[in-house]
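Right, one structure below, let's go through it.
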Amino acid sequence: MKRVYALEEYCVGCRLCEINCVVAHSQSKDIIWAFKNEEARPLPGILVEEMKPVSFGLQCRHCDDAPCVKSCITGAMHKDERGAVVCDTEKCVGCWTCIMACPYGAIKRNESNTKVISKCDLCPDLAQPACVTNCPNEALIYVDRR
Amino acid sequence: MNYIIIGNSAAAVGGVEGIRQIDKEGSITIISEEPYCTYSRPLISYFLAGALNEDKMLYRDTDFYKTNGVNLLLGTKALSVDTENNWVTLAGGETIGYDKLLIATGGKPFMPPMIGSDKKGVYTFIKRDDAERLKAIAKPGSKAVVIGGGLIGLKAAEGLVKCGVDVTVIELANRILSTILDDQAAAIVQGVLEEHDIKVILNNTVSEALGSDKVTGVLLKDGTQIACDMVVTAIGVRPNTDIVCGTVINVNRGIVVDGHMRTNIDNIYAAGDVAEAYDIVYEDMRVTPIWPNAYMQGEVAGRNMAGDSAIFDAGFARNSISFFGLPMITAGIIKPIGAEYEVLSMTIPDKKIYKKAVIKDNKLVGFIRLTDIDRAGILTGLIKNKADVSAFKDKLLNDDFGFVYMPKKQRKEKLLGVKRI
């Protein structure tokens with residue numbers, strides 16, 4: 001399956017991937033409206049690690065052998081038909097066992113509203129993830145490496 | 001192929017899913033003493049606290065068994081295993097034959113050596129029925145004594161307090177949560193419990209449950225008496241090995257299994273809280289009764305029962321738990337004894353932040369994260385992979401600790417490859 005990979009040599013640390021991830025998962029899908037008016041704004045599913053001059057975006061690797069799925073105490077975390085690791089937030093109780101399990105640190109607590117986890121879903125409704133589309137320097141690529 | 005799984009929790013579900021990854025056709029039978037479709041045992045404390053109902057405790061959808069072609073025997077106790085004839089005897093006397101057997105019978109509560117433990121009003125807190133019984137009597141103004149300040153005891157205490165019950169926890173050790181926290185972290189968590197009106201008594205235990213027929217109080221080892229309407233015993237669980245009693249199956253503390261989750265009998269496997277398996281941190285055989293191990297062991301067992309040769313290589317203690325909104329994630333060796341260990345720690349008391357990393361031979365072997373739990377899984381991964389942390393160990397406690405601190409080669413291997421982890 002296709003996954004998102006970061007090319008740290010091209011990343012300028014602008015964090016537009018984080019911004020556009022939020023927009024793509026917002027109610028309005030509008031950058032201004034989402035940031036100005038949406039109270040329950042989603043968290044970005046990608047995070048930029050930075051220690052100048054190095055920076056790169058990192059999100060869920062959608063592991064074949066995903067430890068978060070195997071560790072989940074409720075069955076909320078699962079693989080969908082694409083092979084992407086996704087969370088049924090109706091079932092998630094916010095025990096944070098997946099945060100304990102994820103070796104990439106790619107799962108976040110959404111403490112502001114739902115008290116459940118937040119992560120990359122590979123943008124199921126888009127041709128390619130919004131972070132890849134909107135990276136100004138092509139530092140994120142969406143390819144099948146296997 | 002005819003598979004039988006005894007048990008119906010995480011390890012059993014892992015077993016079914018492991019078998020079906022390899023064998024779509026074979027017959028699978030689950031024998032479960034409890035009358036419920038698979039549910040999440042850790043969620044009983046959420047149920048007691050009123051955070052969710054019975055339906056949300058389900059671990060898999062109710063069509064899980066049908067989808068996976070599982071013949072489900074609920075409310076059926078398996079009494080014994082005949083390893084010569086390859087059959088399991090049920091409580092009614094009926095026998096069922098198997099080609100491959102998975103024992104996933106879990107743990108059972110360890111009862112404290114207490115006079116009067118058979119009185120009415122003395123409960124355990126392991127199963128859904130336990131939670132329902134407790135919830136029925138946990139009324140505002142009633143008083144409870146919880147024996148044991150570990151994970152189970154404190155989750156029971158938190159749930160009871162949220163029902164309006166006056167709760168006292170009695171812990172034999174010098175600190176609460178002694179298996180997952182060190183003294184400093186435990187003191188912070190105890191402070192939070194006390195802020196929420198849980199009384200905690202350390203270095204003490206209950207010697208007698210008082211009352212004639214029904215419990216009316218407890219007598220502590222030091223002579224103190226505490227009046228109460230209910231007692232919850234939660235001093236630990238031990239492997240539920242009854243089913244293999246008197247067989248040739250090798251039992252130490254739990255049913256001893258190899259890396260394939262196989263017992264000393266070729267066609268019999270064990271997984272989950274009943275199993276004693278290799279711990280990659282302590283480098284010895286241990287019973288590690290935690291949910292992720294149970295599922296992963298079950299899955300490995302299932303795959304191997306169906307002809308694969310999978311290895312379970314993730315055996316070590318790790319827990320994620322919260323009390324009154326204070327989250328903590330801990331793993332491995334958290335209170336090391338010996339000069340071979342290097343310990344790093346930091347704390348911000350007013351934010352209830354505490355972090356600790358335990359290193360041995362340049363490898364991370366344990367950590368504690370209190371409050372600031374974000375990205376703690378990176379540390380779990382370093383333990384599991386026995387990664388050399390010497391290049392960045394002074395950064396392990398940083399707020400922004402991540403792959404950016406790792407050597408470029410190590411980082412790129414991790415982030416640009418999609419290796420099995």
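By convention in this document, the chains of the structure tokens carry letters A, B, ... by their order, each chain's residues are numbered from 1, and ligands are numbered from 1 in the order they are shown.
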
Per-residue nearest contacts of chain B to chain A (7 Å; only C-alpha atoms) as CSV:
```
residue,atom,partner,partner_atom,distance
B:Ser40,CA,A:Thr74,CA,6.1
B:Lys56,CA,A:Lys91,CA,6.8
B:Tyr59,CA,A:Thr74,CA,5.1
B:Arg60,CA,A:Gly75,CA,6.1
B:Trp291,CA,A:Ser71,CA,6.6
B:Pro292,CA,A:Ser71,CA,4.1
B:Tyr295,CA,A:Lys70,CA,6.3
B:Met296,CA,A:Lys70,CA,6.4
B:Ser320,CA,A:Thr97,CA,5.2
B:Ile321,CA,A:Cys95,CA,6.3
B:Ile329,CA,A:Met100,CA,6.3
B:Asp374,CA,A:Lys108,CA,6.9
B:Arg375,CA,A:Gly105,CA,4.0
B:Ala376,CA,A:Met100,CA,5.5
B:Gly377,CA,A:Met100,CA,4.3
B:Ile378,CA,A:Pro103,CA,4.3
B:Thr380,CA,A:Pro103,CA,6.5
B:Gly381,CA,A:Pro103,CA,4.5
B:Val404,CA,A:Glu49,CA,6.2
B:Leu416,CA,A:Tyr5,CA,6.2
B:Val418,CA,A:Cys63,CA,6.9
B:Arg420,CA,A:Asp65,CA,6.2
B:Ile421,CA,A:Asp65,CA,6.9
```

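Within the 8 Å cut-off around range 331-338 of chain B, using only C-alpha atoms and omitting residues fewer than 2 positions from it on the same chain, the listed residues are Ile180, Leu181, Asp182, Val281, Tyr282, Phe316, Ala317, Arg318, Asn319, Ile329, Glu340, Tyr341, Lys356, Ala357, Val358, Val365, Gly366, Phe367, Ile368, Thr380 and Ile383 of chain B.
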
Exercise: range 213-217 of chain B partners within 10 Å, only C-alpha atoms, chain neighbours under 4 positions left out, as a list in words: Gly116, Ser117, Asp118, Lys119, Lys120, Gly121, Val122, Lys143, Ala144, Val145, Glu208, Ala209, Gln225, Ile226, Ala227, Cys228, Asp229, Met230 and Val231 of chain B

Write out the residues from the selection above, keeping C-alpha atoms, as a JSON list (two decimals), in the first residue's frame.
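Once everything was written out, this is result_29.json:
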```
[["chain", "number", "residue", "atom", "x", "y", "z"],
["B", 116, "GLY", "CA", -13.72, -14.01, 57.17],
["B", 117, "SER", "CA", -12.99, -13.68, 53.46],
["B", 118, "ASP", "CA", -16.14, -15.74, 52.74],
["B", 119, "LYS", "CA", -18.47, -13.17, 54.32],
["B", 120, "LYS", "CA", -21.13, -11.45, 52.28],
["B", 121, "GLY", "CA", -19.95, -8.09, 51.02],
["B", 122, "VAL", "CA", -16.45, -9.29, 50.09],
["B", 143, "LYS", "CA", -18.22, 2.73, 52.76],
["B", 144, "ALA", "CA", -15.71, 0.48, 51.03],
["B", 145, "VAL", "CA", -12.31, -0.92, 51.93],
["B", 208, "GLU", "CA", -9.83, -10.04, 59.37],
["B", 209, "ALA", "CA", -13.15, -9.14, 57.79],
["B", 225, "GLN", "CA", -10.56, -1.14, 62.84],
["B", 226, "ILE", "CA", -12.36, 0.44, 59.88],
["B", 227, "ALA", "CA", -16.14, 0.19, 59.48],
["B", 228, "CYS", "CA", -17.36, -0.57, 55.97],
["B", 229, "ASP", "CA", -20.24, -1.99, 53.94],
["B", 230, "MET", "CA", -18.09, -3.74, 51.37],
["B", 231, "VAL", "CA", -14.56, -5.07, 50.89]]
```

Polymer residues at most 7 Å from range 302-308 of chain B, only C-alpha atoms, same-chain spacing of 3 or more positions, as a ChimeraX atom specification: /B:15-16,18-19,21-23,100,260,298-299

Among listed residues A:Glu81, A:Asp121, A:Asp88, A:Glu138, nearest Cys11 in chain A (using only C-alpha atoms): A:Glu138

Considering only C-alpha atoms, return as a PDB file with N, CA and C atoms, in the first residue's frame whatever protein or nucleic-acid residues lie within 6 Å of range 167-175 of chain B, sequence-local ones (same chain, fewer than 5 positions apart) excluded.
```pdb
ATOM      1  N   ALA B 144     -16.429   1.631  51.592  1.00  0.00           N
ATOM      2  CA  ALA B 144     -15.714   0.475  51.034  1.00  0.00           C
ATOM      3  C   ALA B 144     -14.264   0.472  51.486  1.00  0.00           C
ATOM      4  N   VAL B 145     -13.750  -0.737  51.727  1.00  0.00           N
ATOM      5  CA  VAL B 145     -12.314  -0.922  51.932  1.00  0.00           C
ATOM      6  C   VAL B 145     -11.790  -1.733  50.750  1.00  0.00           C
ATOM      7  N   VAL B 146     -10.767  -1.202  50.099  1.00  0.00           N
ATOM      8  CA  VAL B 146     -10.138  -1.915  48.996  1.00  0.00           C
ATOM      9  C   VAL B 146      -8.804  -2.451  49.490  1.00  0.00           C
ATOM     10  N   ILE B 147      -8.631  -3.766  49.401  1.00  0.00           N
ATOM     11  CA  ILE B 147      -7.369  -4.371  49.832  1.00  0.00           C
ATOM     12  C   ILE B 147      -6.468  -4.517  48.618  1.00  0.00           C
ATOM     13  N   GLY B 148      -5.407  -3.712  48.587  1.00  0.00           N
ATOM     14  CA  GLY B 148      -4.481  -3.748  47.454  1.00  0.00           C
ATOM     15  C   GLY B 148      -4.504  -2.436  46.705  1.00  0.00           C
ATOM     16  N   GLY B 149      -3.356  -1.772  46.660  1.00  0.00           N
ATOM     17  CA  GLY B 149      -3.243  -0.490  45.964  1.00  0.00           C
ATOM     18  C   GLY B 149      -2.535  -0.634  44.639  1.00  0.00           C
ATOM     19  N   ILE B 198      -9.909   9.666  48.366  1.00  0.00           N
ATOM     20  CA  ILE B 198      -9.565   8.271  48.648  1.00  0.00           C
ATOM     21  C   ILE B 198      -8.529   8.269  49.769  1.00  0.00           C
ATOM     22  N   LYS B 199      -8.837   7.516  50.823  1.00  0.00           N
ATOM     23  CA  LYS B 199      -7.868   7.411  51.912  1.00  0.00           C
ATOM     24  C   LYS B 199      -6.932   6.237  51.605  1.00  0.00           C
ATOM     25  N   VAL B 200      -5.634   6.480  51.756  1.00  0.00           N
ATOM     26  CA  VAL B 200      -4.647   5.448  51.427  1.00  0.00           C
ATOM     27  C   VAL B 200      -3.845   5.108  52.680  1.00  0.00           C
ATOM     28  N   ILE B 201      -3.825   3.822  53.023  1.00  0.00           N
ATOM     29  CA  ILE B 201      -3.038   3.353  54.163  1.00  0.00           C
ATOM     30  C   ILE B 201      -1.971   2.397  53.627  1.00  0.00           C
ATOM     31  N   LEU B 202      -0.688   2.755  53.839  1.00  0.00           N
ATOM     32  CA  LEU B 202       0.417   1.940  53.327  1.00  0.00           C
ATOM     33  C   LEU B 202       0.997   1.065  54.438  1.00  0.00           C
ATOM     34  N   ASN B 203       1.856   0.138  54.048  1.00  0.00           N
ATOM     35  CA  ASN B 203       2.569  -0.731  54.996  1.00  0.00           C
ATOM     36  C   ASN B 203       1.628  -1.435  55.962  1.00  0.00           C
ATOM     37  N   ASN B 204       0.483  -1.829  55.468  1.00  0.00           N
ATOM     38  CA  ASN B 204      -0.506  -2.435  56.356  1.00  0.00           C
ATOM     39  C   ASN B 204      -1.352  -3.399  55.542  1.00  0.00           C
ATOM     40  N   THR B 205      -2.069  -4.264  56.234  1.00  0.00           N
ATOM     41  CA  THR B 205      -2.966  -5.148  55.509  1.00  0.00           C
ATOM     42  C   THR B 205      -4.140  -5.535  56.397  1.00  0.00           C
TER      43      THR B 205
END
```

Surrounding residues of Asn20 in chain A excluding itself and chain neighbours under 6 positions, 12 Å, only C-alpha atoms, as JSON, numbers by chain: {"A": [14, 26, 29, 30, 31, 32, 34, 35, 42, 43, 44, 45, 46, 47, 123, 129, 130, 131, 132, 133, 134, 135, 136]}

Backbone-only DSSP, helix (DSSP H, G or I) members of range 58-93 of chain A, as a VMD selection string: chain A and resid 67 to 71

Strand (DSSP E) residues, from DSSP on the backbone, in range 14-106 of chain B, as a VMD selection string: chain B and resid 27 to 31 70 to 73 78 to 82 87 to 90 95 to 97 100 to 103

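You can rank B:Leu72, B:Leu90, B:Ser45, B:Pro109 by their closest distance to Ala156 in chain B using only C-alpha atoms, and at the top of that list sits B:Ser45.
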
Shortest interatomic distance to Ile137 in chain B - which of B:Leu397, B:Ile255, B:Leu48, B:Ile290, counting only C-alpha atoms: B:Leu48

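Nearest to Gly83 in chain A of all the residues A:Trp33, A:Pro124, A:Asn110, A:Val116 is A:Pro124, based on only C-alpha atoms.
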
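Counting only C-alpha atoms, the residue from B:Asn252, B:Pro327, B:Gln184, B:Ala277 that sits nearest to Met346 in chain B is B:Gln184.
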
Shell of 12 Å around Ile348 in chain B, only C-alpha atoms, local chain residues under 2 positions omitted, as JSON, numbers by chain: {"B": [184, 185, 188, 345, 346, 350, 351, 352, 353, 354, 355, 369, 370, 371, 372, 399]}

Å distance separating CA of Thr89 in chain B from CA of Ile249 in chain B, one decimal place: 16.0 Å
